[in-house]
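So the structure is just underneath, and the comments pick up after that.
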Amino acid sequence: MEVQKKLEQIKLNTNDMRNSNDKLWICFRELLDKKGINSATSILAEYHSEDGSLWEGILITVNKNIFNFEFDFLHDDTTKPRFSSWKKIDKPSDYYMPEYIKHGLDILSDSELKL
């Protein structure tokens, strides 16, 4: 994927995380808040799902802390949404998608690109 398309996807994902009224995003924001992370100032650098219920992604906070997560969101009322995995990334270059981290950090740093 070319750089401009990656940047647009990061902006779209981040906008959804910050503003969407979809139940998935509301639950996601609530879980971030419980971790002390403000979704309004964070960047969702990468976000994807294989099956629509387990989502994997990269979140970058305003303090440039980088996290890889798995967000388990089932569409029934019997299971609570949760982060089934939450890992701090200390060396972005060792991560399997370092370009998304780089672009997310660029967006966070570049005032013209902030959402």
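Ligands are numbered from 1 in the order shown, chains are lettered A, B, ... in the order of the structure tokens, and residues start at 1 in each chain.
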
- So which residues touch Ala45 (chain A) within 8 Å, counting only C-alpha atoms, skipping near sequence neighbours fewer than 6 positions away, as a count of residues only? 11

- Item | Polymer residues at most 12 Å from Gln9 (chain A), only C-alpha atoms, same-chain spacing of 3 or more positions, as number ranges by chain | A: 1-6, 12-16, 43-48, 100, 103-104, 107

Would you save the residues from that selection as an mmCIF file, in the first residue's frame, using N, CA and C atoms?
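Written file, out16.cif:
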```cif
data_model
loop_
_atom_site.group_PDB
_atom_site.id
_atom_site.type_symbol
_atom_site.label_atom_id
_atom_site.label_comp_id
_atom_site.auth_asym_id
_atom_site.auth_seq_id
_atom_site.Cartn_x
_atom_site.Cartn_y
_atom_site.Cartn_z
ATOM 1 N N MET A 1 0.859 -1.169 0.000
ATOM 2 C CA MET A 1 0.000 0.000 0.000
ATOM 3 C C MET A 1 0.905 1.232 0.000
ATOM 4 N N GLU A 2 0.588 2.159 -0.850
ATOM 5 C CA GLU A 2 1.426 3.356 -0.921
ATOM 6 C C GLU A 2 1.234 4.238 0.312
ATOM 7 N N VAL A 3 2.207 5.115 0.525
ATOM 8 C CA VAL A 3 2.241 5.939 1.743
ATOM 9 C C VAL A 3 0.972 6.757 1.916
ATOM 10 N N GLN A 4 0.510 7.435 0.887
ATOM 11 C CA GLN A 4 -0.676 8.290 1.010
ATOM 12 C C GLN A 4 -1.909 7.485 1.420
ATOM 13 N N LYS A 5 -2.052 6.273 0.871
ATOM 14 C CA LYS A 5 -3.193 5.427 1.235
ATOM 15 C C LYS A 5 -3.095 4.970 2.681
ATOM 16 N N LYS A 6 -1.881 4.655 3.137
ATOM 17 C CA LYS A 6 -1.695 4.264 4.540
ATOM 18 C C LYS A 6 -2.048 5.421 5.475
ATOM 19 N N LEU A 12 -8.605 7.664 8.942
ATOM 20 C CA LEU A 12 -9.969 7.132 8.990
ATOM 21 C C LEU A 12 -10.168 6.280 10.249
ATOM 22 N N ASN A 13 -9.235 5.368 10.519
ATOM 23 C CA ASN A 13 -9.333 4.526 11.716
ATOM 24 C C ASN A 13 -9.346 5.373 12.990
ATOM 25 N N THR A 14 -8.470 6.375 13.035
ATOM 26 C CA THR A 14 -8.384 7.235 14.215
ATOM 27 C C THR A 14 -9.666 8.046 14.386
ATOM 28 N N ASN A 15 -10.193 8.557 13.306
ATOM 29 C CA ASN A 15 -11.449 9.306 13.380
ATOM 30 C C ASN A 15 -12.580 8.420 13.896
ATOM 31 N N ASP A 16 -12.671 7.186 13.393
ATOM 32 C CA ASP A 16 -13.700 6.260 13.888
ATOM 33 C C ASP A 16 -13.512 5.989 15.376
ATOM 34 N N ILE A 43 -3.574 7.951 18.406
ATOM 35 C CA ILE A 43 -3.638 7.593 16.988
ATOM 36 C C ILE A 43 -3.808 6.081 16.875
ATOM 37 N N LEU A 44 -4.749 5.655 16.068
ATOM 38 C CA LEU A 44 -4.933 4.241 15.783
ATOM 39 C C LEU A 44 -4.193 3.951 14.479
ATOM 40 N N ALA A 45 -2.938 3.547 14.620
ATOM 41 C CA ALA A 45 -2.038 3.438 13.468
ATOM 42 C C ALA A 45 -2.350 2.243 12.583
ATOM 43 N N GLU A 46 -2.898 1.193 13.170
ATOM 44 C CA GLU A 46 -3.234 0.004 12.388
ATOM 45 C C GLU A 46 -4.368 -0.708 13.096
ATOM 46 N N TYR A 47 -5.287 -1.273 12.298
ATOM 47 C CA TYR A 47 -6.469 -1.891 12.871
ATOM 48 C C TYR A 47 -7.072 -2.831 11.838
ATOM 49 N N HIS A 48 -7.197 -4.106 12.185
ATOM 50 C CA HIS A 48 -7.785 -5.055 11.239
ATOM 51 C C HIS A 48 -8.375 -6.251 11.988
ATOM 52 N N TYR A 100 3.599 1.339 9.753
ATOM 53 C CA TYR A 100 2.390 1.912 10.338
ATOM 54 C C TYR A 100 2.719 2.714 11.595
ATOM 55 N N HIS A 103 4.270 6.018 10.378
ATOM 56 C CA HIS A 103 3.250 6.940 9.867
ATOM 57 C C HIS A 103 2.371 7.482 10.991
ATOM 58 N N GLY A 104 2.039 6.636 11.967
ATOM 59 C CA GLY A 104 1.248 7.096 13.107
ATOM 60 C C GLY A 104 1.986 8.150 13.913
ATOM 61 N N ILE A 107 1.932 11.424 11.979
ATOM 62 C CA ILE A 107 0.651 12.122 12.114
ATOM 63 C C ILE A 107 0.567 12.800 13.478
#
```

What's around region 23-31 of chain A at 10 Å? Count only C-alpha atoms, leave out sequence neighbours fewer than 4 positions away in its own chain, and write the answer as a compact mmCIF listing (two decimals) with N, CA and C atoms, in the first residue's frame.
```txt
# COMPACT_ATOMS: atom_id res chain seq x y z
N ASP A 16 -12.67 7.19 13.39
CA ASP A 16 -13.70 6.26 13.89
C ASP A 16 -13.51 5.99 15.38
N MET A 17 -12.26 5.73 15.79
CA MET A 17 -11.99 5.45 17.19
C MET A 17 -12.43 6.63 18.07
N ARG A 18 -12.16 7.84 17.62
CA ARG A 18 -12.46 9.02 18.43
C ARG A 18 -13.93 9.42 18.41
N ASN A 19 -14.63 9.20 17.29
CA ASN A 19 -15.92 9.84 17.10
C ASN A 19 -17.11 8.94 16.81
N LYS A 35 -7.74 2.16 31.01
CA LYS A 35 -6.28 2.04 31.00
C LYS A 35 -5.60 3.40 31.17
N GLY A 36 -6.41 4.45 31.30
CA GLY A 36 -5.87 5.79 31.46
C GLY A 36 -5.40 6.41 30.15
N ILE A 37 -5.94 5.93 29.04
CA ILE A 37 -5.54 6.43 27.72
C ILE A 37 -6.70 7.23 27.13
N ASN A 38 -6.38 8.42 26.67
CA ASN A 38 -7.37 9.30 26.08
C ASN A 38 -7.45 9.04 24.57
N SER A 39 -8.55 8.51 24.12
CA SER A 39 -8.71 8.21 22.69
C SER A 39 -8.73 9.48 21.84
N ALA A 40 -9.11 10.60 22.44
CA ALA A 40 -9.20 11.86 21.69
C ALA A 40 -7.84 12.41 21.30
N SER A 53 -14.81 -10.16 14.98
CA SER A 53 -14.99 -10.11 16.43
C SER A 53 -13.67 -9.92 17.17
N PHE A 71 -8.35 -6.72 20.46
CA PHE A 71 -9.61 -6.27 21.05
C PHE A 71 -10.66 -7.32 20.70
N ASP A 72 -11.16 -8.01 21.72
CA ASP A 72 -12.13 -9.08 21.55
C ASP A 72 -13.52 -8.48 21.71
N PHE A 73 -14.19 -8.32 20.58
CA PHE A 73 -15.52 -7.71 20.58
C PHE A 73 -16.50 -8.68 19.94
N LEU A 74 -17.30 -9.33 20.77
CA LEU A 74 -18.30 -10.26 20.25
C LEU A 74 -19.64 -9.53 20.19
N HIS A 75 -20.42 -9.87 19.21
CA HIS A 75 -21.65 -9.13 18.96
C HIS A 75 -22.85 -9.68 19.72
N LYS A 80 -18.35 -9.87 27.49
CA LYS A 80 -17.98 -8.46 27.55
C LYS A 80 -16.80 -8.20 26.62
N PRO A 81 -16.83 -7.09 25.89
CA PRO A 81 -15.66 -6.70 25.09
C PRO A 81 -14.46 -6.51 26.02
N ARG A 82 -13.27 -6.87 25.53
CA ARG A 82 -12.07 -6.77 26.34
C ARG A 82 -10.84 -6.74 25.45
N PHE A 83 -9.75 -6.30 26.02
CA PHE A 83 -8.46 -6.43 25.36
C PHE A 83 -7.92 -7.80 25.77
```

- Those of chain A in DSSP strand (DSSP E or B), formatted as a count of residues only: 28

- Message: Just the number, please: distance in Å from CA of Ser20 (chain A) to CA of Ile89 (chain A), one decimal.
- Response: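 CA of Ile89 (chain A) lies at a distance of 26.4 Å from CA of Ser20 (chain A).
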
- region 84-86 of chain A: which residues within 6 Å, counting only C-alpha atoms, same-chain residues fewer than 2 positions away excluded, as a PyMOL selection string? chain A and resi 68-70+82

Writing out the chosen residues with C-alpha atoms as an mmCIF file, in the first residue's frame:
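Saved file part27.cif follows:
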```cif
data_model
loop_
_atom_site.group_PDB
_atom_site.id
_atom_site.type_symbol
_atom_site.label_atom_id
_atom_site.label_comp_id
_atom_site.auth_asym_id
_atom_site.auth_seq_id
_atom_site.Cartn_x
_atom_site.Cartn_y
_atom_site.Cartn_z
ATOM 1 C CA ASN A 68 -0.068 -3.644 20.130
ATOM 2 C CA PHE A 69 -3.458 -5.002 21.147
ATOM 3 C CA GLU A 70 -6.110 -7.560 20.420
ATOM 4 C CA ARG A 82 -12.070 -6.767 26.343
#
```

- Choose the residue, out of A:Leu105, A:Val62, A:Leu7, A:Leu32, that has the smallest atom-to-atom separation from Pro92 (chain A); count only C-alpha atoms. A:Leu105

- Task: Could you please write out, as a VMD selection string, every residue of chain A that DSSP assigns to helix (DSSP H, G or I)?
- Result: chain A and resid 3 to 19 23 to 34 39 to 41 92 to 94 98 to 109

Give me a file of those residues, with C-alpha atoms, as a PDB file, in the first residue's frame.
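File part_4.pdb, as written:
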```
ATOM      1  CA  VAL A   3       2.241   5.939   1.743  1.00  0.00           C
ATOM      2  CA  GLN A   4      -0.676   8.290   1.010  1.00  0.00           C
ATOM      3  CA  LYS A   5      -3.193   5.427   1.235  1.00  0.00           C
ATOM      4  CA  LYS A   6      -1.695   4.264   4.540  1.00  0.00           C
ATOM      5  CA  LEU A   7      -1.911   7.790   5.948  1.00  0.00           C
ATOM      6  CA  GLU A   8      -5.549   8.097   4.862  1.00  0.00           C
ATOM      7  CA  GLN A   9      -6.378   4.716   6.423  1.00  0.00           C
ATOM      8  CA  ILE A  10      -4.738   5.736   9.709  1.00  0.00           C
ATOM      9  CA  LYS A  11      -6.722   8.995   9.723  1.00  0.00           C
ATOM     10  CA  LEU A  12      -9.969   7.132   8.990  1.00  0.00           C
ATOM     11  CA  ASN A  13      -9.333   4.526  11.716  1.00  0.00           C
ATOM     12  CA  THR A  14      -8.384   7.235  14.215  1.00  0.00           C
ATOM     13  CA  ASN A  15     -11.449   9.306  13.380  1.00  0.00           C
ATOM     14  CA  ASP A  16     -13.700   6.260  13.888  1.00  0.00           C
ATOM     15  CA  MET A  17     -11.986   5.452  17.194  1.00  0.00           C
ATOM     16  CA  ARG A  18     -12.462   9.021  18.427  1.00  0.00           C
ATOM     17  CA  ASN A  19     -15.924   9.836  17.102  1.00  0.00           C
ATOM     18  CA  LYS A  23     -21.130   0.068  19.813  1.00  0.00           C
ATOM     19  CA  LEU A  24     -17.697  -1.380  18.971  1.00  0.00           C
ATOM     20  CA  TRP A  25     -16.026   2.039  19.176  1.00  0.00           C
ATOM     21  CA  ILE A  26     -17.912   3.086  22.291  1.00  0.00           C
ATOM     22  CA  CYS A  27     -16.685  -0.079  24.054  1.00  0.00           C
ATOM     23  CA  PHE A  28     -13.168   0.465  22.696  1.00  0.00           C
ATOM     24  CA  ARG A  29     -13.044   4.020  24.073  1.00  0.00           C
ATOM     25  CA  GLU A  30     -14.369   2.869  27.462  1.00  0.00           C
ATOM     26  CA  LEU A  31     -11.651   0.215  27.712  1.00  0.00           C
ATOM     27  CA  LEU A  32      -8.960   2.738  26.748  1.00  0.00           C
ATOM     28  CA  ASP A  33     -10.281   5.100  29.409  1.00  0.00           C
ATOM     29  CA  LYS A  34      -9.947   2.324  32.026  1.00  0.00           C
ATOM     30  CA  SER A  39      -8.711   8.205  22.690  1.00  0.00           C
ATOM     31  CA  ALA A  40      -9.202  11.859  21.690  1.00  0.00           C
ATOM     32  CA  THR A  41      -5.434  12.400  21.618  1.00  0.00           C
ATOM     33  CA  PRO A  92       9.096  -0.312  16.698  1.00  0.00           C
ATOM     34  CA  SER A  93      11.704  -1.521  14.211  1.00  0.00           C
ATOM     35  CA  ASP A  94      11.228  -5.073  15.574  1.00  0.00           C
ATOM     36  CA  PRO A  98       6.990  -0.747  11.477  1.00  0.00           C
ATOM     37  CA  GLU A  99       5.785   1.499   8.656  1.00  0.00           C
ATOM     38  CA  TYR A 100       2.390   1.912  10.338  1.00  0.00           C
ATOM     39  CA  ILE A 101       4.092   2.966  13.554  1.00  0.00           C
ATOM     40  CA  LYS A 102       6.262   5.446  11.655  1.00  0.00           C
ATOM     41  CA  HIS A 103       3.250   6.940   9.867  1.00  0.00           C
ATOM     42  CA  GLY A 104       1.248   7.096  13.107  1.00  0.00           C
ATOM     43  CA  LEU A 105       4.089   8.923  14.837  1.00  0.00           C
ATOM     44  CA  ASP A 106       4.356  11.283  11.847  1.00  0.00           C
ATOM     45  CA  ILE A 107       0.651  12.122  12.114  1.00  0.00           C
ATOM     46  CA  LEU A 108       0.958  12.657  15.861  1.00  0.00           C
ATOM     47  CA  SER A 109       3.939  14.988  15.377  1.00  0.00           C
TER      48      SER A 109
END
```

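Distance-wise, CA of Lys87 (chain A) and CA of Trp55 (chain A) end up 14.2 Å apart.
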
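Put simply, CA of Leu54 (chain A) is 20.6 Å away from CA of Ser42 (chain A).
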